[in-house]
file target.cif (mmCIF, N, CA and C atoms)
data_query
loop_
_atom_site.label_atom_id
_atom_site.label_comp_id
_atom_site.auth_asym_id
_atom_site.auth_seq_id
_atom_site.Cartn_x
_atom_site.Cartn_y
_atom_site.Cartn_z
N MET A 24 -61.05 61.06 44.16
CA MET A 24 -61.98 61.43 43.12
C MET A 24 -61.50 60.94 41.75
N ALA A 25 -60.20 61.03 41.49
CA ALA A 25 -59.68 60.60 40.19
C ALA A 25 -59.96 59.13 39.96
N CYS A 26 -59.88 58.33 41.01
CA CYS A 26 -60.12 56.90 40.89
C CYS A 26 -61.56 56.63 40.48
N GLN A 27 -62.51 57.39 41.05
CA GLN A 27 -63.93 57.21 40.72
C GLN A 27 -64.20 57.53 39.25
N LYS A 28 -63.49 58.51 38.69
CA LYS A 28 -63.67 58.85 37.28
C LYS A 28 -63.00 57.83 36.37
N LEU A 29 -61.89 57.27 36.80
CA LEU A 29 -61.14 56.32 35.99
C LEU A 29 -61.80 54.94 35.97
N LYS A 30 -62.39 54.52 37.05
CA LYS A 30 -62.90 53.15 37.16
C LYS A 30 -63.85 52.75 36.03
N PRO A 31 -64.87 53.54 35.68
CA PRO A 31 -65.75 53.10 34.58
C PRO A 31 -64.99 52.95 33.25
N ALA A 32 -64.08 53.87 32.96
CA ALA A 32 -63.30 53.79 31.71
C ALA A 32 -62.40 52.56 31.74
N TRP A 33 -61.77 52.31 32.89
CA TRP A 33 -60.87 51.17 33.02
C TRP A 33 -61.63 49.86 32.90
N ASP A 34 -62.78 49.78 33.57
CA ASP A 34 -63.59 48.56 33.49
C ASP A 34 -64.02 48.29 32.04
N LYS A 35 -64.40 49.34 31.32
CA LYS A 35 -64.80 49.19 29.92
C LYS A 35 -63.60 48.73 29.07
N LEU A 36 -62.42 49.28 29.36
CA LEU A 36 -61.20 48.90 28.63
C LEU A 36 -60.86 47.43 28.90
N ARG A 37 -60.95 47.03 30.15
CA ARG A 37 -60.68 45.63 30.50
C ARG A 37 -61.64 44.70 29.77
N GLU A 38 -62.90 45.08 29.71
CA GLU A 38 -63.90 44.27 29.00
C GLU A 38 -63.58 44.20 27.51
N GLU A 39 -63.15 45.33 26.94
CA GLU A 39 -62.81 45.41 25.52
C GLU A 39 -61.70 44.42 25.14
N TYR A 40 -60.73 44.21 26.04
CA TYR A 40 -59.56 43.38 25.73
C TYR A 40 -59.54 42.05 26.49
N LYS A 41 -60.65 41.68 27.09
CA LYS A 41 -60.65 40.47 27.94
C LYS A 41 -60.27 39.20 27.18
N ASP A 42 -60.55 39.13 25.89
CA ASP A 42 -60.23 37.92 25.13
C ASP A 42 -58.98 38.07 24.27
N SER A 43 -58.25 39.18 24.43
CA SER A 43 -57.07 39.42 23.62
C SER A 43 -55.97 38.44 23.96
N LYS A 44 -55.30 37.95 22.93
CA LYS A 44 -54.15 37.06 23.12
C LYS A 44 -52.85 37.85 23.23
N THR A 45 -52.89 39.14 22.90
CA THR A 45 -51.65 39.92 22.85
C THR A 45 -51.64 41.14 23.76
N GLN A 46 -52.79 41.55 24.27
CA GLN A 46 -52.84 42.71 25.16
C GLN A 46 -53.52 42.33 26.46
N LEU A 47 -52.93 42.74 27.55
CA LEU A 47 -53.49 42.48 28.86
C LEU A 47 -53.79 43.81 29.53
N VAL A 48 -55.03 44.00 29.90
CA VAL A 48 -55.44 45.17 30.66
C VAL A 48 -55.88 44.61 32.01
N ALA A 49 -55.18 44.98 33.06
CA ALA A 49 -55.43 44.39 34.36
C ALA A 49 -55.38 45.45 35.45
N ALA A 50 -55.90 45.08 36.59
CA ALA A 50 -55.84 45.94 37.77
C ALA A 50 -55.19 45.16 38.90
N VAL A 51 -54.41 45.85 39.71
CA VAL A 51 -53.75 45.24 40.85
C VAL A 51 -54.12 46.05 42.09
N ASP A 52 -54.55 45.36 43.13
CA ASP A 52 -54.86 46.01 44.41
C ASP A 52 -53.57 46.04 45.23
N CYS A 53 -52.96 47.20 45.30
CA CYS A 53 -51.67 47.35 45.99
C CYS A 53 -51.78 47.17 47.50
N ALA A 54 -52.98 47.21 48.02
CA ALA A 54 -53.15 47.02 49.47
C ALA A 54 -53.30 45.55 49.83
N SER A 55 -53.54 44.70 48.84
CA SER A 55 -53.73 43.28 49.13
C SER A 55 -52.38 42.58 49.25
N PRO A 56 -52.33 41.49 50.01
CA PRO A 56 -51.07 40.75 50.13
C PRO A 56 -50.55 40.25 48.78
N GLY A 57 -51.44 39.90 47.87
CA GLY A 57 -51.01 39.42 46.57
C GLY A 57 -50.49 40.52 45.67
N GLY A 58 -51.02 41.72 45.80
CA GLY A 58 -50.63 42.83 44.93
C GLY A 58 -49.48 43.66 45.45
N LYS A 59 -49.29 43.68 46.75
CA LYS A 59 -48.28 44.55 47.37
C LYS A 59 -46.87 44.34 46.81
N PRO A 60 -46.38 43.10 46.66
CA PRO A 60 -45.01 42.92 46.12
C PRO A 60 -44.86 43.48 44.70
N LEU A 61 -45.87 43.28 43.87
CA LEU A 61 -45.81 43.79 42.50
C LEU A 61 -45.77 45.32 42.50
N CYS A 62 -46.58 45.93 43.35
CA CYS A 62 -46.61 47.39 43.43
C CYS A 62 -45.29 47.95 43.97
N GLU A 63 -44.74 47.29 44.97
CA GLU A 63 -43.45 47.72 45.51
C GLU A 63 -42.35 47.59 44.47
N ALA A 64 -42.35 46.48 43.73
CA ALA A 64 -41.32 46.24 42.71
C ALA A 64 -41.39 47.29 41.60
N ASN A 65 -42.58 47.82 41.36
CA ASN A 65 -42.76 48.81 40.30
C ASN A 65 -42.85 50.24 40.83
N LYS A 66 -42.48 50.42 42.11
CA LYS A 66 -42.40 51.73 42.74
C LYS A 66 -43.70 52.53 42.61
N ILE A 67 -44.82 51.86 42.82
CA ILE A 67 -46.11 52.52 42.78
C ILE A 67 -46.36 53.15 44.15
N ARG A 68 -46.53 54.46 44.16
CA ARG A 68 -46.68 55.21 45.41
C ARG A 68 -48.07 55.83 45.55
N GLY A 69 -48.67 56.21 44.44
CA GLY A 69 -49.97 56.85 44.48
C GLY A 69 -50.99 56.04 43.69
N TYR A 70 -52.25 56.28 44.00
CA TYR A 70 -53.30 55.50 43.37
C TYR A 70 -54.36 56.44 42.79
N PRO A 71 -54.89 56.17 41.61
CA PRO A 71 -54.49 55.06 40.75
C PRO A 71 -53.26 55.41 39.93
N THR A 72 -52.39 54.44 39.75
CA THR A 72 -51.21 54.57 38.89
C THR A 72 -51.40 53.64 37.70
N LEU A 73 -51.17 54.14 36.52
CA LEU A 73 -51.29 53.32 35.33
C LEU A 73 -49.91 53.05 34.77
N LYS A 74 -49.64 51.79 34.48
CA LYS A 74 -48.36 51.36 33.91
C LYS A 74 -48.64 50.58 32.64
N TRP A 75 -47.64 50.52 31.78
CA TRP A 75 -47.79 49.78 30.53
C TRP A 75 -46.44 49.25 30.09
N GLY A 76 -46.48 48.25 29.19
CA GLY A 76 -45.26 47.75 28.58
C GLY A 76 -44.85 46.39 29.07
N ASP A 77 -43.57 46.12 28.90
CA ASP A 77 -42.99 44.85 29.30
C ASP A 77 -43.16 44.66 30.81
N PRO A 78 -43.72 43.54 31.24
CA PRO A 78 -43.92 43.33 32.69
C PRO A 78 -42.64 43.45 33.51
N ASP A 79 -41.48 43.23 32.89
CA ASP A 79 -40.23 43.37 33.61
C ASP A 79 -39.67 44.79 33.54
N ASN A 80 -40.34 45.67 32.83
CA ASN A 80 -39.85 47.04 32.68
C ASN A 80 -41.03 47.97 32.39
N LEU A 81 -41.97 48.02 33.31
CA LEU A 81 -43.17 48.82 33.10
C LEU A 81 -42.85 50.30 33.08
N GLU A 82 -43.60 51.02 32.26
CA GLU A 82 -43.43 52.46 32.14
C GLU A 82 -44.69 53.16 32.63
N ASP A 83 -44.55 54.40 33.06
CA ASP A 83 -45.71 55.18 33.51
C ASP A 83 -46.56 55.61 32.33
N TYR A 84 -47.86 55.53 32.49
CA TYR A 84 -48.80 56.07 31.51
C TYR A 84 -49.19 57.46 32.00
N SER A 85 -49.09 58.45 31.13
CA SER A 85 -49.40 59.81 31.55
C SER A 85 -50.44 60.48 30.65
N GLY A 86 -51.13 59.68 29.84
CA GLY A 86 -52.13 60.24 28.93
C GLY A 86 -53.46 60.49 29.62
N LEU A 87 -54.42 60.85 28.81
CA LEU A 87 -55.78 61.07 29.30
C LEU A 87 -56.37 59.76 29.79
N ARG A 88 -57.33 59.85 30.70
CA ARG A 88 -57.85 58.65 31.35
C ARG A 88 -59.30 58.34 31.00
N ASP A 89 -59.78 58.86 29.88
CA ASP A 89 -61.11 58.48 29.42
C ASP A 89 -60.98 57.24 28.55
N PHE A 90 -62.07 56.52 28.33
CA PHE A 90 -62.03 55.27 27.59
C PHE A 90 -61.42 55.43 26.20
N GLU A 91 -61.86 56.44 25.47
CA GLU A 91 -61.38 56.62 24.09
C GLU A 91 -59.86 56.81 24.05
N SER A 92 -59.33 57.61 24.95
CA SER A 92 -57.88 57.86 24.99
C SER A 92 -57.12 56.60 25.40
N LEU A 93 -57.63 55.89 26.39
CA LEU A 93 -56.98 54.66 26.83
C LEU A 93 -56.99 53.62 25.72
N LYS A 94 -58.12 53.47 25.04
CA LYS A 94 -58.22 52.49 23.96
C LYS A 94 -57.28 52.86 22.81
N ALA A 95 -57.22 54.12 22.45
CA ALA A 95 -56.32 54.56 21.38
C ALA A 95 -54.87 54.25 21.75
N PHE A 96 -54.51 54.47 23.01
CA PHE A 96 -53.16 54.17 23.49
C PHE A 96 -52.86 52.68 23.37
N VAL A 97 -53.78 51.84 23.84
CA VAL A 97 -53.58 50.39 23.76
C VAL A 97 -53.42 49.96 22.31
N ASP A 98 -54.29 50.46 21.44
CA ASP A 98 -54.23 50.06 20.03
C ASP A 98 -52.93 50.51 19.37
N GLU A 99 -52.41 51.65 19.79
CA GLU A 99 -51.19 52.18 19.17
C GLU A 99 -49.92 51.59 19.78
N LYS A 100 -49.87 51.49 21.10
CA LYS A 100 -48.62 51.13 21.78
C LYS A 100 -48.50 49.67 22.18
N LEU A 101 -49.60 49.02 22.46
CA LEU A 101 -49.52 47.67 23.02
C LEU A 101 -49.74 46.60 21.96
N LYS A 102 -48.89 46.63 20.98
CA LYS A 102 -48.93 45.65 19.90
C LYS A 102 -47.91 44.56 20.21
N PRO A 103 -48.14 43.38 19.67
CA PRO A 103 -47.14 42.33 19.86
C PRO A 103 -45.80 42.76 19.28
N ILE A 104 -44.74 42.36 19.95
CA ILE A 104 -43.39 42.66 19.48
C ILE A 104 -42.61 41.36 19.38
N CYS A 105 -41.47 41.42 18.75
CA CYS A 105 -40.60 40.28 18.64
C CYS A 105 -40.31 39.72 20.03
N SER A 106 -40.55 38.44 20.20
CA SER A 106 -40.28 37.77 21.47
C SER A 106 -40.31 36.26 21.22
N PRO A 107 -39.92 35.46 22.19
CA PRO A 107 -39.98 34.01 21.99
C PRO A 107 -41.39 33.51 21.66
N THR A 108 -42.41 34.23 22.09
CA THR A 108 -43.78 33.80 21.77
C THR A 108 -44.31 34.42 20.49
N HIS A 109 -43.58 35.38 19.92
CA HIS A 109 -43.98 36.02 18.66
C HIS A 109 -42.77 36.09 17.72
N MET A 110 -42.20 34.94 17.44
CA MET A 110 -40.99 34.92 16.61
C MET A 110 -41.27 35.34 15.17
N ASP A 111 -42.52 35.26 14.74
CA ASP A 111 -42.87 35.70 13.40
C ASP A 111 -42.67 37.20 13.23
N LEU A 112 -42.54 37.92 14.33
CA LEU A 112 -42.33 39.38 14.28
C LEU A 112 -40.85 39.75 14.37
N CYS A 113 -39.99 38.76 14.46
CA CYS A 113 -38.55 39.01 14.62
C CYS A 113 -37.84 38.99 13.27
N ASP A 114 -36.72 39.73 13.20
CA ASP A 114 -35.89 39.64 12.00
C ASP A 114 -35.08 38.34 12.08
N LYS A 115 -34.39 38.01 11.02
CA LYS A 115 -33.65 36.73 10.95
C LYS A 115 -32.58 36.62 12.03
N ALA A 116 -31.84 37.70 12.27
CA ALA A 116 -30.76 37.65 13.27
C ALA A 116 -31.33 37.42 14.67
N THR A 117 -32.42 38.09 14.99
CA THR A 117 -33.02 37.93 16.32
C THR A 117 -33.61 36.53 16.47
N THR A 118 -34.26 36.04 15.43
CA THR A 118 -34.81 34.68 15.46
C THR A 118 -33.71 33.67 15.72
N LYS A 119 -32.58 33.84 15.04
CA LYS A 119 -31.44 32.94 15.22
C LYS A 119 -30.94 32.99 16.66
N GLU A 120 -30.82 34.19 17.23
CA GLU A 120 -30.35 34.35 18.61
C GLU A 120 -31.32 33.71 19.61
N ILE A 121 -32.61 33.91 19.42
CA ILE A 121 -33.61 33.32 20.32
C ILE A 121 -33.53 31.80 20.26
N LYS A 122 -33.42 31.25 19.07
CA LYS A 122 -33.32 29.79 18.92
C LYS A 122 -32.06 29.25 19.61
N LYS A 123 -30.98 30.01 19.48
CA LYS A 123 -29.72 29.61 20.14
C LYS A 123 -29.88 29.61 21.66
N LEU A 124 -30.54 30.62 22.19
CA LEU A 124 -30.76 30.70 23.63
C LEU A 124 -31.69 29.60 24.12
N HIS A 125 -32.68 29.26 23.31
CA HIS A 125 -33.62 28.19 23.69
C HIS A 125 -32.91 26.85 23.86
N LYS A 126 -31.83 26.64 23.15
CA LYS A 126 -31.10 25.37 23.21
C LYS A 126 -30.23 25.24 24.45
N LEU A 127 -29.96 26.36 25.13
CA LEU A 127 -29.09 26.33 26.31
C LEU A 127 -29.77 25.67 27.49
N LYS A 128 -28.98 24.97 28.28
CA LYS A 128 -29.47 24.44 29.54
C LYS A 128 -29.60 25.61 30.52
N MET A 129 -30.42 25.43 31.54
CA MET A 129 -30.73 26.52 32.47
C MET A 129 -29.47 27.11 33.10
N ASP A 130 -28.53 26.28 33.55
CA ASP A 130 -27.33 26.81 34.19
C ASP A 130 -26.48 27.62 33.22
N ALA A 131 -26.42 27.19 31.96
CA ALA A 131 -25.67 27.95 30.96
C ALA A 131 -26.37 29.28 30.66
N LEU A 132 -27.68 29.26 30.62
CA LEU A 132 -28.46 30.48 30.38
C LEU A 132 -28.28 31.46 31.55
N GLN A 133 -28.33 30.94 32.76
CA GLN A 133 -28.13 31.81 33.93
C GLN A 133 -26.73 32.41 33.95
N GLU A 134 -25.73 31.64 33.54
CA GLU A 134 -24.36 32.16 33.47
C GLU A 134 -24.26 33.26 32.42
N LYS A 135 -24.92 33.07 31.29
CA LYS A 135 -24.93 34.08 30.23
C LYS A 135 -25.59 35.37 30.75
N ILE A 136 -26.70 35.23 31.45
CA ILE A 136 -27.39 36.39 32.03
C ILE A 136 -26.47 37.10 33.02
N LYS A 137 -25.81 36.33 33.87
CA LYS A 137 -24.89 36.90 34.87
C LYS A 137 -23.78 37.69 34.19
N ASN A 138 -23.22 37.13 33.11
CA ASN A 138 -22.15 37.82 32.38
C ASN A 138 -22.65 39.13 31.77
N GLU A 139 -23.85 39.11 31.19
CA GLU A 139 -24.40 40.31 30.58
C GLU A 139 -24.72 41.36 31.64
N GLU A 140 -25.22 40.93 32.79
CA GLU A 140 -25.48 41.87 33.88
C GLU A 140 -24.18 42.49 34.36
N GLY A 141 -23.11 41.72 34.39
CA GLY A 141 -21.79 42.24 34.76
C GLY A 141 -21.33 43.32 33.80
N LYS A 142 -21.58 43.10 32.51
CA LYS A 142 -21.23 44.12 31.50
C LYS A 142 -22.02 45.40 31.72
N ILE A 143 -23.30 45.25 32.04
CA ILE A 143 -24.15 46.42 32.29
C ILE A 143 -23.65 47.17 33.52
N GLU A 144 -23.34 46.45 34.58
CA GLU A 144 -22.83 47.09 35.80
C GLU A 144 -21.54 47.86 35.52
N LYS A 145 -20.65 47.27 34.73
CA LYS A 145 -19.39 47.95 34.39
C LYS A 145 -19.67 49.22 33.59
N LEU A 146 -20.56 49.13 32.60
CA LEU A 146 -20.91 50.32 31.81
C LEU A 146 -21.51 51.41 32.69
N GLU A 147 -22.37 51.02 33.62
CA GLU A 147 -22.98 52.00 34.52
C GLU A 147 -21.92 52.65 35.42
N ALA A 148 -21.00 51.85 35.92
CA ALA A 148 -19.92 52.38 36.76
C ALA A 148 -19.01 53.31 35.96
N ASP A 149 -18.68 52.91 34.74
CA ASP A 149 -17.85 53.76 33.87
C ASP A 149 -18.56 55.09 33.59
N HIS A 150 -19.86 55.01 33.32
CA HIS A 150 -20.63 56.23 33.04
C HIS A 150 -20.66 57.14 34.27
N LYS A 151 -20.88 56.55 35.43
CA LYS A 151 -20.93 57.33 36.66
C LYS A 151 -19.60 58.03 36.90
N LYS A 152 -18.49 57.31 36.71
CA LYS A 152 -17.17 57.91 36.89
C LYS A 152 -16.96 59.04 35.89
N TYR A 153 -17.32 58.81 34.64
CA TYR A 153 -17.18 59.83 33.61
C TYR A 153 -17.99 61.08 33.97
N ALA A 154 -19.23 60.88 34.41
CA ALA A 154 -20.09 62.01 34.78
C ALA A 154 -19.49 62.78 35.96
N GLU A 155 -18.95 62.06 36.94
CA GLU A 155 -18.32 62.71 38.10
C GLU A 155 -17.07 63.49 37.66
N ASP A 156 -16.29 62.89 36.77
CA ASP A 156 -15.10 63.58 36.26
C ASP A 156 -15.47 64.85 35.52
N MET A 157 -16.52 64.79 34.71
CA MET A 157 -16.97 65.97 33.96
C MET A 157 -17.50 67.04 34.90
N LYS A 158 -18.21 66.62 35.92
CA LYS A 158 -18.76 67.56 36.90
C LYS A 158 -17.61 68.27 37.63
N ALA A 159 -16.59 67.50 38.03
CA ALA A 159 -15.45 68.08 38.71
C ALA A 159 -14.67 69.03 37.79
N LYS A 160 -14.56 68.65 36.55
CA LYS A 160 -13.80 69.44 35.58
C LYS A 160 -14.49 70.78 35.28
N TYR A 161 -15.80 70.79 35.21
CA TYR A 161 -16.51 72.00 34.77
C TYR A 161 -17.22 72.75 35.90
N HIS A 162 -17.00 72.36 37.14
CA HIS A 162 -17.59 73.10 38.26
C HIS A 162 -16.55 73.73 39.14
#

call {"tool": "encode", "arguments": {"input": "target.cif", "output": "structure tokens"}}
result
Amino acid sequence: MACQKLKPAWDKLREEYKDSKTQLVAAVDCASPGGKPLCEANKIRGYPTLKWGDPDNLEDYSGLRDFESLKAFVDEKLKPICSPTHMDLCDKATTKEIKKLHKLKMDALQEKIKNEEGKIEKLEADHKKYAEDMKAKYH
């Protein structure tokens, strides 16, 4: 029943932003072969599920599902942000870093990503150990 109520609002929202260069309002059929991998990658379990944000880090939408609420959310939250395609929105330091990364060859860029992921993994492991130590100390 929730899907039947959402569909007209969602269709109207999609129509509202169909020509937008900065906001994408889309629907994915999680049962289709083309949509299933995307839904699995984003841990979509129930339908309809609304997600928003960076395609590589989508967040759950938990607001009201009428057209006015959805449109207000899009207008407020889904604005262009600093990125390689919107460098005019970046500060000088970020612009400099993006330009530096653009000059790297693919193998050098992949190595840089691998190194940064290694740092993240170490921080996560350190945090996990710290949390376990605190739990043991105070329980």

call {"tool": "atom_distance", "arguments": {"input": "target.cif", "atom1": "atom C of Gln133 in chain A", "atom2": "atom C of Glu120 in chain A"}}
result
15.1 Å

call {"tool": "atom_distance", "arguments": {"input": "target.cif", "atom1": "atom N of Asp156 in chain A", "atom2": "atom C of Glu140 in chain A"}}
result
22.0 Å

call {"tool": "select_by_dssp", "arguments": {"input": "target.cif", "residues": "chain A", "states": "strand (DSSP E or B)", "output": "JSON list (two decimals) with N, CA and C atoms, in the coordinates of the input"}}
result
[["chain", "number", "residue", "atom", "x", "y", "z"],
["A", 74, "LYS", "N", -49.64, 51.79, 34.48],
["A", 74, "LYS", "CA", -48.36, 51.36, 33.91],
["A", 74, "LYS", "C", -48.64, 50.58, 32.64],
["A", 75, "TRP", "N", -47.64, 50.52, 31.78],
["A", 75, "TRP", "CA", -47.79, 49.78, 30.53],
["A", 75, "TRP", "C", -46.44, 49.25, 30.09],
["A", 82, "GLU", "N", -43.60, 51.02, 32.26],
["A", 82, "GLU", "CA", -43.43, 52.46, 32.14],
["A", 82, "GLU", "C", -44.69, 53.16, 32.63],
["A", 83, "ASP", "N", -44.55, 54.40, 33.06],
["A", 83, "ASP", "CA", -45.71, 55.18, 33.51],
["A", 83, "ASP", "C", -46.56, 55.61, 32.33]]

call {"tool": "resolve_selection", "arguments": {"input": "target.cif", "expression": "the PyMOL selection byres (((chain A and resi 45 and name CA) around 12) and name CA)", "output": "ChimeraX atom specification"}}
result
/A:40-44,46-48,76-77,97-98,100-106,108-109

call {"tool": "atom_distance", "arguments": {"input": "target.cif", "atom1": "atom C of Ala95 in chain A", "atom2": "atom C of Ala49 in chain A"}}
result
16.3 Å

call {"tool": "build_atoms", "arguments": {"input": "target.cif", "residues": "range 145-162 of chain A", "atoms": "N, CA, C and O atoms", "output": "compact mmCIF listing (two decimals), keeping the file's coordinate frame"}}
result
# COMPACT_ATOMS: atom_id res chain seq x y z
N LYS A 145 -20.65 47.27 34.73
CA LYS A 145 -19.39 47.95 34.39
C LYS A 145 -19.67 49.22 33.59
O LYS A 145 -19.08 50.27 33.86
N LEU A 146 -20.56 49.13 32.60
CA LEU A 146 -20.91 50.32 31.81
C LEU A 146 -21.51 51.41 32.69
O LEU A 146 -21.18 52.60 32.53
N GLU A 147 -22.37 51.02 33.62
CA GLU A 147 -22.98 52.00 34.52
C GLU A 147 -21.92 52.65 35.42
O GLU A 147 -21.94 53.85 35.64
N ALA A 148 -21.00 51.85 35.92
CA ALA A 148 -19.92 52.38 36.76
C ALA A 148 -19.01 53.31 35.96
O ALA A 148 -18.63 54.38 36.45
N ASP A 149 -18.68 52.91 34.74
CA ASP A 149 -17.85 53.76 33.87
C ASP A 149 -18.56 55.09 33.59
O ASP A 149 -17.94 56.15 33.60
N HIS A 150 -19.86 55.01 33.32
CA HIS A 150 -20.63 56.23 33.04
C HIS A 150 -20.66 57.14 34.27
O HIS A 150 -20.48 58.35 34.15
N LYS A 151 -20.88 56.55 35.43
CA LYS A 151 -20.93 57.33 36.66
C LYS A 151 -19.60 58.03 36.90
O LYS A 151 -19.56 59.22 37.23
N LYS A 152 -18.49 57.31 36.71
CA LYS A 152 -17.17 57.91 36.89
C LYS A 152 -16.96 59.04 35.89
O LYS A 152 -16.47 60.11 36.24
N TYR A 153 -17.32 58.81 34.64
CA TYR A 153 -17.18 59.83 33.61
C TYR A 153 -17.99 61.08 33.97
O TYR A 153 -17.48 62.21 33.87
N ALA A 154 -19.23 60.88 34.41
CA ALA A 154 -20.09 62.01 34.78
C ALA A 154 -19.49 62.78 35.96
O ALA A 154 -19.49 64.02 35.97
N GLU A 155 -18.95 62.06 36.94
CA GLU A 155 -18.32 62.71 38.10
C GLU A 155 -17.07 63.49 37.66
O GLU A 155 -16.85 64.60 38.14
N ASP A 156 -16.29 62.89 36.77
CA ASP A 156 -15.10 63.58 36.26
C ASP A 156 -15.47 64.85 35.52
O ASP A 156 -14.83 65.89 35.68
N MET A 157 -16.52 64.79 34.71
CA MET A 157 -16.97 65.97 33.96
C MET A 157 -17.50 67.04 34.90
O MET A 157 -17.22 68.24 34.72
N LYS A 158 -18.21 66.62 35.92
CA LYS A 158 -18.76 67.56 36.90
C LYS A 158 -17.61 68.27 37.63
O LYS A 158 -17.63 69.49 37.78
N ALA A 159 -16.59 67.50 38.03
CA ALA A 159 -15.45 68.08 38.71
C ALA A 159 -14.67 69.03 37.79
O ALA A 159 -14.19 70.09 38.22
N LYS A 160 -14.56 68.65 36.55
CA LYS A 160 -13.80 69.44 35.58
C LYS A 160 -14.49 70.78 35.28
O LYS A 160 -13.82 71.79 35.10
N TYR A 161 -15.80 70.79 35.21
CA TYR A 161 -16.51 72.00 34.77
C TYR A 161 -17.22 72.75 35.90
O TYR A 161 -17.94 73.70 35.65
N HIS A 162 -17.00 72.36 37.14
CA HIS A 162 -17.59 73.10 38.26
C HIS A 162 -16.55 73.73 39.14
O HIS A 162 -15.51 73.56 39.31
